[in-house]
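> What follows is upload04.cif, made up of mmCIF, C-alpha atoms (C1' of nucleotides) and all ligand atoms:
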data_start
loop_
_atom_site.label_atom_id
_atom_site.label_comp_id
_atom_site.auth_asym_id
_atom_site.auth_seq_id
_atom_site.Cartn_x
_atom_site.Cartn_y
_atom_site.Cartn_z
CA MET A 1 48.47 80.28 9.22
CA ALA A 2 45.46 78.20 8.34
CA THR A 3 43.34 81.10 9.52
CA LEU A 4 45.06 83.41 7.07
CA LEU A 5 44.62 81.04 4.18
CA CYS A 6 40.95 80.63 5.03
CA ASN A 7 40.44 84.37 5.04
CA GLU A 8 42.13 84.69 1.69
CA ARG A 9 39.90 81.98 0.29
CA GLY A 10 36.72 83.30 1.82
CA VAL A 11 36.03 80.19 3.87
CA LYS A 12 35.66 79.89 7.61
CA LEU A 13 37.90 78.06 9.99
CA THR A 14 35.21 77.52 12.59
CA ALA A 15 35.81 76.30 16.12
CA ALA A 16 35.15 72.66 15.30
CA ARG A 17 37.43 72.73 12.30
CA ARG A 18 40.18 74.57 14.12
CA GLN A 19 40.02 72.15 17.02
CA VAL A 20 40.39 69.12 14.77
CA LEU A 21 43.31 70.74 12.99
CA GLU A 22 44.97 71.55 16.32
CA LEU A 23 44.52 68.02 17.53
CA LEU A 24 46.22 66.70 14.43
CA TRP A 25 49.08 69.15 14.86
CA GLU A 26 49.56 68.17 18.47
CA SER A 27 49.40 64.49 17.70
CA GLY A 28 52.07 64.74 15.03
CA CYS A 29 51.08 61.28 13.86
CA PRO A 30 48.41 59.93 11.57
CA THR A 31 45.33 59.79 13.76
CA GLY A 32 42.04 57.96 13.33
CA ALA A 33 38.75 59.81 13.21
CA TYR A 34 37.38 58.06 16.27
CA GLU A 35 40.48 58.90 18.26
CA LEU A 36 39.89 62.54 17.37
CA ILE A 37 36.27 62.19 18.45
CA GLU A 38 37.29 60.83 21.84
CA THR A 39 39.88 63.51 22.47
CA LEU A 40 37.49 66.27 21.44
CA GLN A 41 34.87 64.82 23.70
CA GLN A 42 37.20 64.97 26.66
CA ARG A 43 38.39 68.48 25.94
CA ASN A 44 34.96 69.90 25.45
CA ALA A 45 33.38 67.85 28.20
CA ARG A 46 30.38 67.03 26.05
CA PRO A 47 29.43 64.41 23.47
CA VAL A 48 30.95 64.73 20.01
CA ASN A 49 29.31 62.73 17.27
CA PRO A 50 31.09 61.25 14.27
CA PRO A 51 29.61 63.64 11.70
CA THR A 52 31.12 66.57 13.54
CA VAL A 53 34.63 65.29 13.09
CA TYR A 54 34.10 63.86 9.63
CA ARG A 55 32.70 67.15 8.43
CA ALA A 56 35.64 69.02 9.85
CA LEU A 57 38.04 66.55 8.23
CA GLU A 58 36.28 66.89 4.89
CA PHE A 59 36.70 70.65 5.06
CA LEU A 60 40.33 70.48 6.11
CA ILE A 61 41.13 68.02 3.33
CA THR A 62 39.35 70.11 0.72
CA GLN A 63 41.32 73.14 1.85
CA GLY A 64 44.53 71.13 1.73
CA PHE A 65 45.32 71.40 5.43
CA VAL A 66 45.02 67.71 6.07
CA HIS A 67 45.67 64.51 4.13
CA LYS A 68 44.00 61.18 4.52
CA LEU A 69 46.26 58.15 4.60
CA GLU A 70 44.15 55.64 2.72
CA SER A 71 46.19 52.66 3.74
CA ARG A 72 45.69 53.51 7.41
CA ASN A 73 42.30 55.19 7.54
CA ALA A 74 44.04 57.97 9.38
CA TYR A 75 44.45 61.69 8.99
CA VAL A 76 47.55 63.84 9.19
CA VAL A 77 48.36 67.54 8.82
CA CYS A 78 49.90 68.70 5.58
CA ILE A 79 53.33 70.27 5.84
CA HIS A 80 52.82 72.81 3.08
CA PRO A 81 49.13 73.59 2.82
CA ASP A 82 49.75 76.83 0.94
CA ARG A 83 50.27 75.28 -2.45
CA ARG A 84 49.18 72.27 -4.50
CA HIS A 85 51.69 69.51 -4.34
CA ALA A 86 52.29 65.93 -5.32
CA CYS A 87 53.38 64.16 -2.23
CA ILE A 88 54.46 60.78 -1.00
CA PHE A 89 53.85 59.45 2.49
CA PHE A 90 56.29 57.21 4.23
CA ILE A 91 54.55 55.45 7.07
CA CYS A 92 56.45 53.59 9.75
CA ALA A 93 54.80 50.30 10.61
CA ASP A 94 56.68 50.26 13.89
CA CYS A 95 56.18 53.65 15.57
CA GLY A 96 53.37 54.91 13.36
CA VAL A 97 54.87 58.23 12.32
CA SER A 98 54.50 59.40 8.76
CA ALA A 99 56.73 61.63 6.70
CA GLU A 100 55.42 63.66 3.80
CA LEU A 101 57.76 64.26 0.91
CA GLU A 102 57.29 66.20 -2.26
CA ASP A 103 58.53 64.58 -5.45
CA GLU A 104 57.33 65.91 -8.77
CA ARG A 105 59.27 63.25 -10.60
CA VAL A 106 57.05 60.50 -9.28
CA ALA A 107 53.93 62.44 -10.19
CA ASP A 108 55.33 63.10 -13.66
CA LEU A 109 56.10 59.44 -14.25
CA ILE A 110 52.62 58.48 -13.15
CA ASP A 111 51.05 61.07 -15.42
CA GLU A 112 53.26 59.90 -18.26
CA ASP A 113 52.10 56.31 -17.81
CA ALA A 114 48.52 57.50 -17.61
CA ASN A 115 48.72 59.49 -20.81
CA ASP A 116 50.96 57.38 -22.99
CA ARG A 117 49.98 53.90 -21.96
CA LEU A 118 46.34 54.23 -20.93
CA GLY A 119 44.80 57.47 -22.13
CA PHE A 120 43.81 57.99 -18.53
CA HIS A 121 43.00 61.44 -17.20
CA VAL A 122 44.57 61.87 -13.75
CA THR A 123 42.76 63.84 -11.08
CA GLY A 124 44.50 62.59 -7.96
CA ARG A 125 47.27 60.34 -6.73
CA VAL A 126 47.70 58.24 -3.63
CA VAL A 127 51.29 57.28 -2.96
CA GLU A 128 51.87 55.68 0.42
CA VAL A 129 54.96 53.75 1.35
CA GLN A 130 55.04 51.18 4.13
CA GLY A 131 58.18 50.36 6.03
CA THR A 132 60.23 51.45 9.01
CA CYS A 133 61.61 54.89 9.69
CA ARG A 134 65.24 55.67 10.50
CA GLN A 135 64.66 55.51 14.25
CA CYS A 136 62.97 52.15 14.02
CA THR A 137 65.43 50.58 11.58
CA PRO A 138 68.40 48.95 13.29
CA ALA A 139 71.70 50.25 11.95
CA GLU A 140 73.49 48.11 9.37
CA PRO A 141 76.31 46.01 10.83
CA MET B 1 46.99 28.94 -13.51
CA ALA B 2 46.49 29.89 -9.89
CA THR B 3 46.06 26.19 -9.21
CA LEU B 4 49.46 25.47 -10.72
CA LEU B 5 51.16 28.19 -8.74
CA CYS B 6 49.56 26.92 -5.55
CA ASN B 7 50.79 23.41 -6.23
CA GLU B 8 54.30 24.68 -6.85
CA ARG B 9 54.18 26.61 -3.60
CA GLY B 10 52.68 23.81 -1.56
CA VAL B 11 49.54 25.73 -0.63
CA LYS B 12 45.95 24.84 -1.32
CA LEU B 13 43.52 26.68 -3.53
CA THR B 14 40.46 25.42 -1.70
CA ALA B 15 36.90 25.76 -2.95
CA ALA B 16 36.20 28.94 -1.01
CA ARG B 17 39.40 30.57 -2.19
CA ARG B 18 38.90 29.52 -5.77
CA GLN B 19 35.35 30.80 -5.76
CA VAL B 20 36.38 34.23 -4.51
CA LEU B 21 39.13 34.40 -7.10
CA GLU B 22 36.68 33.39 -9.84
CA LEU B 23 34.22 36.03 -8.73
CA LEU B 24 36.90 38.68 -8.96
CA TRP B 25 37.90 37.47 -12.41
CA GLU B 26 34.33 37.54 -13.63
CA SER B 27 33.68 40.93 -12.15
CA GLY B 28 36.70 42.45 -13.86
CA CYS B 29 36.35 45.46 -11.58
CA PRO B 30 37.47 46.27 -8.08
CA THR B 31 34.88 44.63 -5.89
CA GLY B 32 34.02 45.13 -2.24
CA ALA B 33 34.16 42.27 0.23
CA TYR B 34 30.48 42.48 1.05
CA GLU B 35 29.53 42.35 -2.59
CA LEU B 36 31.55 39.15 -2.85
CA ILE B 37 29.76 37.82 0.20
CA GLU B 38 26.36 38.49 -1.35
CA THR B 39 27.23 36.91 -4.68
CA LEU B 40 28.72 33.86 -3.02
CA GLN B 41 25.65 33.52 -0.90
CA GLN B 42 23.41 33.49 -3.93
CA ARG B 43 25.56 31.01 -5.86
CA ASN B 44 25.89 28.59 -3.02
CA ALA B 45 22.35 29.07 -1.79
CA ARG B 46 23.47 29.24 1.80
CA PRO B 47 24.71 31.87 4.21
CA VAL B 48 28.26 33.10 3.77
CA ASN B 49 29.74 35.02 6.66
CA PRO B 50 32.31 37.80 6.40
CA PRO B 51 35.23 35.80 7.81
CA THR B 52 34.88 33.29 5.00
CA VAL B 53 35.48 35.89 2.34
CA TYR B 54 38.03 37.90 4.28
CA ARG B 55 40.06 34.77 4.93
CA ALA B 56 39.98 33.86 1.28
CA LEU B 57 41.03 37.38 0.34
CA GLU B 58 43.88 37.31 2.81
CA PHE B 59 45.14 34.09 1.27
CA LEU B 60 44.79 35.37 -2.28
CA ILE B 61 46.58 38.59 -1.43
CA THR B 62 49.40 36.76 0.34
CA GLN B 63 49.82 34.53 -2.68
CA GLY B 64 49.80 37.56 -4.96
CA PHE B 65 46.66 36.62 -6.87
CA VAL B 66 44.70 39.61 -5.67
CA HIS B 67 45.44 43.21 -4.75
CA LYS B 68 43.56 45.42 -2.36
CA LEU B 69 42.82 48.94 -3.53
CA GLU B 70 43.25 50.90 -0.33
CA SER B 71 41.57 54.00 -1.62
CA ARG B 72 38.45 52.03 -2.49
CA ASN B 73 38.28 49.25 0.06
CA ALA B 74 37.97 46.95 -2.88
CA TYR B 75 39.75 43.91 -4.24
CA VAL B 76 40.91 43.12 -7.74
CA VAL B 77 42.73 40.26 -9.46
CA CYS B 78 46.40 40.70 -10.26
CA ILE B 79 47.36 40.53 -13.91
CA HIS B 80 50.71 38.86 -13.35
CA PRO B 81 50.57 36.84 -10.18
CA ASP B 82 53.56 34.75 -11.11
CA ARG B 83 56.20 37.26 -10.08
CA ARG B 84 56.78 40.04 -7.60
CA HIS B 85 56.09 43.40 -9.09
CA ALA B 86 55.76 47.07 -8.32
CA CYS B 87 52.50 48.18 -9.75
CA ILE B 88 50.35 51.23 -10.13
CA PHE B 89 46.57 51.21 -10.20
CA PHE B 90 44.60 53.60 -12.31
CA ILE B 91 41.04 53.74 -11.03
CA CYS B 92 38.26 55.33 -13.01
CA ALA B 93 35.99 57.41 -10.82
CA ASP B 94 33.31 57.21 -13.46
CA CYS B 95 32.91 53.56 -14.49
CA GLY B 96 34.89 52.01 -11.65
CA VAL B 97 37.31 49.93 -13.69
CA SER B 98 40.93 49.74 -12.63
CA ALA B 99 44.02 49.18 -14.72
CA GLU B 100 47.18 47.69 -13.25
CA LEU B 101 50.46 48.86 -14.71
CA GLU B 102 53.98 47.82 -13.89
CA ASP B 103 56.53 50.61 -13.61
CA GLU B 104 59.82 49.93 -11.90
CA ARG B 105 60.90 53.53 -12.37
CA VAL B 106 58.29 54.78 -9.96
CA ALA B 107 59.25 52.19 -7.40
CA ASP B 108 62.91 53.07 -7.86
CA LEU B 109 62.28 56.78 -7.36
CA ILE B 110 60.29 56.05 -4.22
CA ASP B 111 63.03 53.83 -2.86
CA GLU B 112 65.61 56.47 -3.72
CA ASP B 113 63.66 59.10 -1.78
CA ALA B 114 63.26 56.70 1.10
CA ASN B 115 66.96 55.93 1.27
CA ASP B 116 68.57 59.24 0.48
CA ARG B 117 66.18 61.67 2.05
CA LEU B 118 64.72 59.76 4.98
CA GLY B 119 66.71 56.66 5.82
CA PHE B 120 63.44 54.81 5.54
CA HIS B 121 63.35 51.07 4.95
CA VAL B 122 60.65 50.28 2.38
CA THR B 123 58.61 47.11 2.69
CA GLY B 124 55.63 47.97 0.54
CA ARG B 125 54.15 50.61 -1.73
CA VAL B 126 50.63 51.74 -2.45
CA VAL B 127 50.29 53.72 -5.64
CA GLU B 128 46.72 54.39 -6.71
CA VAL B 129 45.73 56.98 -9.24
CA GLN B 130 42.28 58.51 -9.40
CA GLY B 131 40.81 59.87 -12.60
CA THR B 132 38.84 58.84 -15.64
CA CYS B 133 39.71 56.11 -18.09
CA ARG B 134 39.90 56.52 -21.85
CA GLN B 135 36.29 55.42 -22.36
CA CYS B 136 34.99 57.83 -19.78
CA THR B 137 37.11 60.80 -20.86
CA PRO B 138 35.47 62.86 -23.59
CA ALA B 139 37.76 63.31 -26.60
CA GLU B 140 39.66 66.57 -26.84
CA PRO B 141 38.07 69.09 -29.19
"C1'" DG C 1 41.23 1.60 8.18
"C1'" DC C 2 42.21 4.42 12.34
"C1'" DC C 3 44.49 7.87 14.98
"C1'" DG C 4 46.23 12.34 15.98
"C1'" DG C 5 47.82 16.72 14.61
"C1'" DT C 6 47.25 20.72 11.54
"C1'" DA C 7 44.87 23.57 8.29
"C1'" DT C 8 40.61 25.17 7.03
"C1'" DT C 9 35.91 26.47 7.55
"C1'" DG C 10 31.56 27.56 10.23
"C1'" DT C 11 29.33 30.47 13.51
"C1'" DT C 12 28.47 34.16 16.48
"C1'" DA C 13 29.55 38.28 18.08
"C1'" DT C 14 31.73 42.54 17.98
"C1'" DG C 15 34.89 46.23 16.60
"C1'" DT C 16 35.99 49.99 13.48
"C1'" DT C 17 35.22 53.41 9.99
"C1'" DA C 18 32.00 56.39 7.57
"C1'" DT C 19 27.58 58.45 5.94
"C1'" DA C 20 22.43 59.68 5.50
"C1'" DT C 21 18.91 62.43 7.24
"C1'" DC C 22 16.52 65.89 9.39
"C1'" DA C 23 16.20 69.35 13.08
"C1'" DT C 24 18.37 73.35 15.00
"C1'" DT C 25 21.43 77.16 15.44
"C1'" DC C 26 24.51 80.71 13.73
"C1'" DG C 27 25.83 84.68 11.11
"C1'" DA C 28 25.91 87.79 7.34
"C1'" DC C 29 23.07 90.79 4.90
"C1'" DC C 30 19.21 93.65 3.88
"C1'" DG D 1 14.30 92.24 13.27
"C1'" DG D 2 13.52 89.08 9.24
"C1'" DT D 3 15.57 86.10 5.66
"C1'" DC D 4 18.65 82.97 3.67
"C1'" DG D 5 22.42 79.90 3.39
"C1'" DA D 6 26.12 77.73 5.95
"C1'" DA D 7 27.29 75.09 9.76
"C1'" DT D 8 26.33 72.12 13.62
"C1'" DG D 9 23.66 68.84 16.57
"C1'" DA D 10 21.51 64.49 17.04
"C1'" DT D 11 20.04 59.98 15.84
"C1'" DA D 12 20.32 56.21 13.22
"C1'" DT D 13 22.41 53.16 10.18
"C1'" DA D 14 25.55 51.71 6.51
"C1'" DA D 15 29.90 49.74 5.17
"C1'" DC D 16 34.12 47.51 6.21
"C1'" DA D 17 36.78 44.25 9.07
"C1'" DT D 18 38.28 41.05 12.87
"C1'" DA D 19 38.20 38.19 17.36
"C1'" DA D 20 37.25 33.93 19.33
"C1'" DC D 21 36.02 29.38 19.58
"C1'" DA D 22 33.70 25.22 17.73
"C1'" DA D 23 33.38 21.93 14.07
"C1'" DT D 24 35.20 19.68 10.19
"C1'" DA D 25 38.37 18.24 6.57
"C1'" DC D 26 42.78 16.68 5.30
"C1'" DC D 27 47.02 14.13 5.53
"C1'" DG D 28 50.63 11.68 7.39
"C1'" DG D 29 52.09 7.58 10.14
"C1'" DC D 30 50.65 3.39 12.19
ZN ZN E 201 50.71 67.95 1.86
ZN ZN E 202 59.36 54.36 13.25
ZN ZN E 203 49.66 42.70 -9.65
ZN ZN E 204 35.83 54.77 -16.92
#
Since I need it in another form, could you write the structure as structure tokens?
Ligand SMILES: [Zn+2]
Ligand SMILES: [Zn+2]
Ligand SMILES: [Zn+2]
Ligand SMILES: [Zn+2]

Amino acid sequence: MATLLCNERGVKLTAARRQVLELLWESGCPTGAYELIETLQQRNARPVNPPTVYRALEFLITQGFVHKLESRNAYVVCIHPDRRHACIFFICADCGVSAELEDERVADLIDEDANDRLGFHVTGRVVEVQGTCRQCTPAEP
Amino acid sequence: MATLLCNERGVKLTAARRQVLELLWESGCPTGAYELIETLQQRNARPVNPPTVYRALEFLITQGFVHKLESRNAYVVCIHPDRRHACIFFICADCGVSAELEDERVADLIDEDANDRLGFHVTGRVVEVQGTCRQCTPAEP
DNA sequence: GCCGGTATTGTTATGTTATATCATTCGACC
DNA sequence: GGTCGAATGATATAACATAACAATACCGGC
């Protein structure tokens, strides 16, 4: 999947990059860079330095395979890396999972505010919601 | 202003806290914690350690006088600290200024998505927009 | 005024996240 | 096989943030 997209785009999903992406898939949760470093280290049975992982993350983010959760300093796989999208992250403060949702309406409102009220030219949006997921929210009485 | 609100709320705007708030007001821009530390150090002509500033920031954020910009690791004064509000930050990548805008509609859409699509209980929202402000955006031809 | 408890600040150390820099290796192409 | 640019390795350090405990300030009751 990511391999295909990389081929199409003429960029290389090298071993290091693929490994980081796999780790994030397996984790399923937003994961910190240093946690990735540790896991990689164990798997490869040799030292992995921060730049290795940060460079891989930079690539994966640029290619749209991974998002950074700014409010957590954590990284998570994108659920639809094949197209540009305006997404919202819902991050559970209890169990740590995050859910990515697409909602053009939010992006449109933001862009509208930017244009009409500020004359601001939008290049990117960070929308991250804190709270508790369904599993971690006790049912209403 | 902040002094009044603190009195109402029965909390103290001590010297350290007031100084940090003043610095942020003067700066007018999102400012990093370590920049605040340096400036404080110079003004007071004595060493200022990180916990001093981080504790002040924590207080100011709790009281709603200051916001943290997660995507910048920077802190900025709130433009309407007297009431709870759902705000959006527009951050210029060029000159660094940020504009805070209130828009309930965005918050409502987010909450709607959270409820209807995820069963997610929202406790907080981070909405930060990257781009260029009016001054830094060349006029259309 | 003094005492005792609580909030705040000082101090030191350390944890966590991220990047700069330069050397080395890899891989495609000629 | 030699050349060039991309990618990785390796070391160091920058930037951001908190833990832990000691010292001090503040405020009530006495
Ligand atoms: Zn995505
Ligand atoms: Zn949860
Ligand atoms: Zn505000
Ligand atoms: Zn600007």
> List all protein, DNA and RNA residues that have an atom no more than 6 Å from any atom of ligand ZN 201 (chain E), counting all atoms listed in the file, and report them as a PyMOL selection string.
chain A and resi 78-81
> Go ahead and save the residues from that selection, with C-alpha atoms, as a PDB file, in the coordinates of the input.

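File produced: result01.pdb:
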ATOM      1  CA  CYS A  78      49.900  68.700   5.580  1.00  0.00           C
ATOM      2  CA  ILE A  79      53.330  70.270   5.840  1.00  0.00           C
ATOM      3  CA  HIS A  80      52.820  72.810   3.080  1.00  0.00           C
ATOM      4  CA  PRO A  81      49.130  73.590   2.820  1.00  0.00           C
TER       5      PRO A  81
END
> Which protein, DNA or RNA residues have an atom within 7 Å of ligand ZN 204 (chain E), counting all atoms listed in the file, as a ChimeraX atom specification?
/B:92-97,132-136
> From (41.5, 42.4, 14.5), in the file's coordinates, out to 10 Å: which residues are reached, counting only C-alpha atoms (C1' of nucleotides)? Answer as a count of residues only.
5
> Return the neighbours of chain C among the residues of chain A, cut-off 10 Å, counting all atoms listed in the file, as a list in words.
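Those within range of chain C come out as Gly32, Ala33, Tyr34, Pro50, Pro51, Tyr54, Asn73 and Ala74 of chain A.
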> Ligand ZN 203 (chain E): which residues are within 12 Å, counting only C-alpha atoms (C1' of nucleotides) and all ligand atoms, as a ChimeraX atom specification?
/B:60-69,75-89,98-103,126-127
> Do you have the CA of Thr39 in chain B-CA of Glu22 in chain B distance handy?
11.3 Å
> Export range 43-61 of chain A of the preceding structure, keeping N, CA, C and O atoms, as a PDB file, in the first residue's frame.

ATOM      1  N   ARG A  43      14.403  -4.781  18.118  1.00  0.00           N
ATOM      2  CA  ARG A  43      14.176  -5.638  16.958  1.00  0.00           C
ATOM      3  C   ARG A  43      15.445  -5.852  16.157  1.00  0.00           C
ATOM      4  O   ARG A  43      15.709  -6.941  15.664  1.00  0.00           O
ATOM      5  N   ASN A  44      16.188  -4.797  15.978  1.00  0.00           N
ATOM      6  CA  ASN A  44      17.353  -4.884  15.115  1.00  0.00           C
ATOM      7  C   ASN A  44      18.599  -5.305  15.865  1.00  0.00           C
ATOM      8  O   ASN A  44      19.651  -5.511  15.262  1.00  0.00           O
ATOM      9  N   ALA A  45      18.469  -5.388  17.195  1.00  0.00           N
ATOM     10  CA  ALA A  45      19.606  -5.782  18.018  1.00  0.00           C
ATOM     11  C   ALA A  45      20.845  -4.932  17.746  1.00  0.00           C
ATOM     12  O   ALA A  45      21.961  -5.439  17.674  1.00  0.00           O
ATOM     13  N   ARG A  46      20.622  -3.647  17.557  1.00  0.00           N
ATOM     14  CA  ARG A  46      21.766  -2.730  17.453  1.00  0.00           C
ATOM     15  C   ARG A  46      21.269  -1.317  17.737  1.00  0.00           C
ATOM     16  O   ARG A  46      20.065  -1.042  17.634  1.00  0.00           O
ATOM     17  N   PRO A  47      22.191  -0.434  18.083  1.00  0.00           N
ATOM     18  CA  PRO A  47      21.773   0.909  18.505  1.00  0.00           C
ATOM     19  C   PRO A  47      21.071   1.673  17.380  1.00  0.00           C
ATOM     20  O   PRO A  47      21.479   1.605  16.224  1.00  0.00           O
ATOM     21  N   VAL A  48      20.019   2.353  17.745  1.00  0.00           N
ATOM     22  CA  VAL A  48      19.292   3.225  16.812  1.00  0.00           C
ATOM     23  C   VAL A  48      19.301   4.624  17.407  1.00  0.00           C
ATOM     24  O   VAL A  48      18.882   4.814  18.546  1.00  0.00           O
ATOM     25  N   ASN A  49      19.814   5.564  16.655  1.00  0.00           N
ATOM     26  CA  ASN A  49      19.927   6.922  17.180  1.00  0.00           C
ATOM     27  C   ASN A  49      18.716   7.756  16.787  1.00  0.00           C
ATOM     28  O   ASN A  49      18.064   7.484  15.776  1.00  0.00           O
ATOM     29  N   PRO A  50      18.439   8.790  17.583  1.00  0.00           N
ATOM     30  CA  PRO A  50      17.254   9.607  17.316  1.00  0.00           C
ATOM     31  C   PRO A  50      17.129  10.065  15.862  1.00  0.00           C
ATOM     32  O   PRO A  50      16.039   9.940  15.297  1.00  0.00           O
ATOM     33  N   PRO A  51      18.177  10.579  15.252  1.00  0.00           N
ATOM     34  CA  PRO A  51      17.983  11.083  13.883  1.00  0.00           C
ATOM     35  C   PRO A  51      17.409  10.048  12.924  1.00  0.00           C
ATOM     36  O   PRO A  51      16.656  10.398  12.024  1.00  0.00           O
ATOM     37  N   THR A  52      17.761   8.802  13.138  1.00  0.00           N
ATOM     38  CA  THR A  52      17.233   7.743  12.276  1.00  0.00           C
ATOM     39  C   THR A  52      15.705   7.760  12.281  1.00  0.00           C
ATOM     40  O   THR A  52      15.067   7.791  11.215  1.00  0.00           O
ATOM     41  N   VAL A  53      15.159   7.748  13.468  1.00  0.00           N
ATOM     42  CA  VAL A  53      13.703   7.700  13.574  1.00  0.00           C
ATOM     43  C   VAL A  53      13.071   9.027  13.174  1.00  0.00           C
ATOM     44  O   VAL A  53      12.063   9.053  12.454  1.00  0.00           O
ATOM     45  N   TYR A  54      13.674  10.123  13.574  1.00  0.00           N
ATOM     46  CA  TYR A  54      13.093  11.415  13.225  1.00  0.00           C
ATOM     47  C   TYR A  54      13.110  11.651  11.719  1.00  0.00           C
ATOM     48  O   TYR A  54      12.199  12.244  11.157  1.00  0.00           O
ATOM     49  N   ARG A  55      14.154  11.158  11.068  1.00  0.00           N
ATOM     50  CA  ARG A  55      14.196  11.310   9.617  1.00  0.00           C
ATOM     51  C   ARG A  55      13.121  10.453   8.956  1.00  0.00           C
ATOM     52  O   ARG A  55      12.450  10.898   8.008  1.00  0.00           O
ATOM     53  N   ALA A  56      12.959   9.259   9.467  1.00  0.00           N
ATOM     54  CA  ALA A  56      11.909   8.396   8.916  1.00  0.00           C
ATOM     55  C   ALA A  56      10.540   9.048   9.131  1.00  0.00           C
ATOM     56  O   ALA A  56       9.711   9.093   8.219  1.00  0.00           O
ATOM     57  N   LEU A  57      10.316   9.577  10.316  1.00  0.00           N
ATOM     58  CA  LEU A  57       9.029  10.209  10.617  1.00  0.00           C
ATOM     59  C   LEU A  57       8.793  11.401   9.688  1.00  0.00           C
ATOM     60  O   LEU A  57       7.686  11.589   9.167  1.00  0.00           O
ATOM     61  N   GLU A  58       9.839  12.189   9.489  1.00  0.00           N
ATOM     62  CA  GLU A  58       9.700  13.352   8.617  1.00  0.00           C
ATOM     63  C   GLU A  58       9.246  12.910   7.215  1.00  0.00           C
ATOM     64  O   GLU A  58       8.332  13.491   6.625  1.00  0.00           O
ATOM     65  N   PHE A  59       9.888  11.872   6.721  1.00  0.00           N
ATOM     66  CA  PHE A  59       9.518  11.349   5.410  1.00  0.00           C
ATOM     67  C   PHE A  59       8.066  10.873   5.399  1.00  0.00           C
ATOM     68  O   PHE A  59       7.282  11.234   4.517  1.00  0.00           O
ATOM     69  N   LEU A  60       7.712  10.087   6.377  1.00  0.00           N
ATOM     70  CA  LEU A  60       6.371   9.505   6.419  1.00  0.00           C
ATOM     71  C   LEU A  60       5.300  10.585   6.546  1.00  0.00           C
ATOM     72  O   LEU A  60       4.209  10.473   5.976  1.00  0.00           O
ATOM     73  N   ILE A  61       5.616  11.636   7.282  1.00  0.00           N
ATOM     74  CA  ILE A  61       4.658  12.736   7.428  1.00  0.00           C
ATOM     75  C   ILE A  61       4.531  13.487   6.117  1.00  0.00           C
ATOM     76  O   ILE A  61       3.424  13.799   5.667  1.00  0.00           O
TER      77      ILE A  61
END
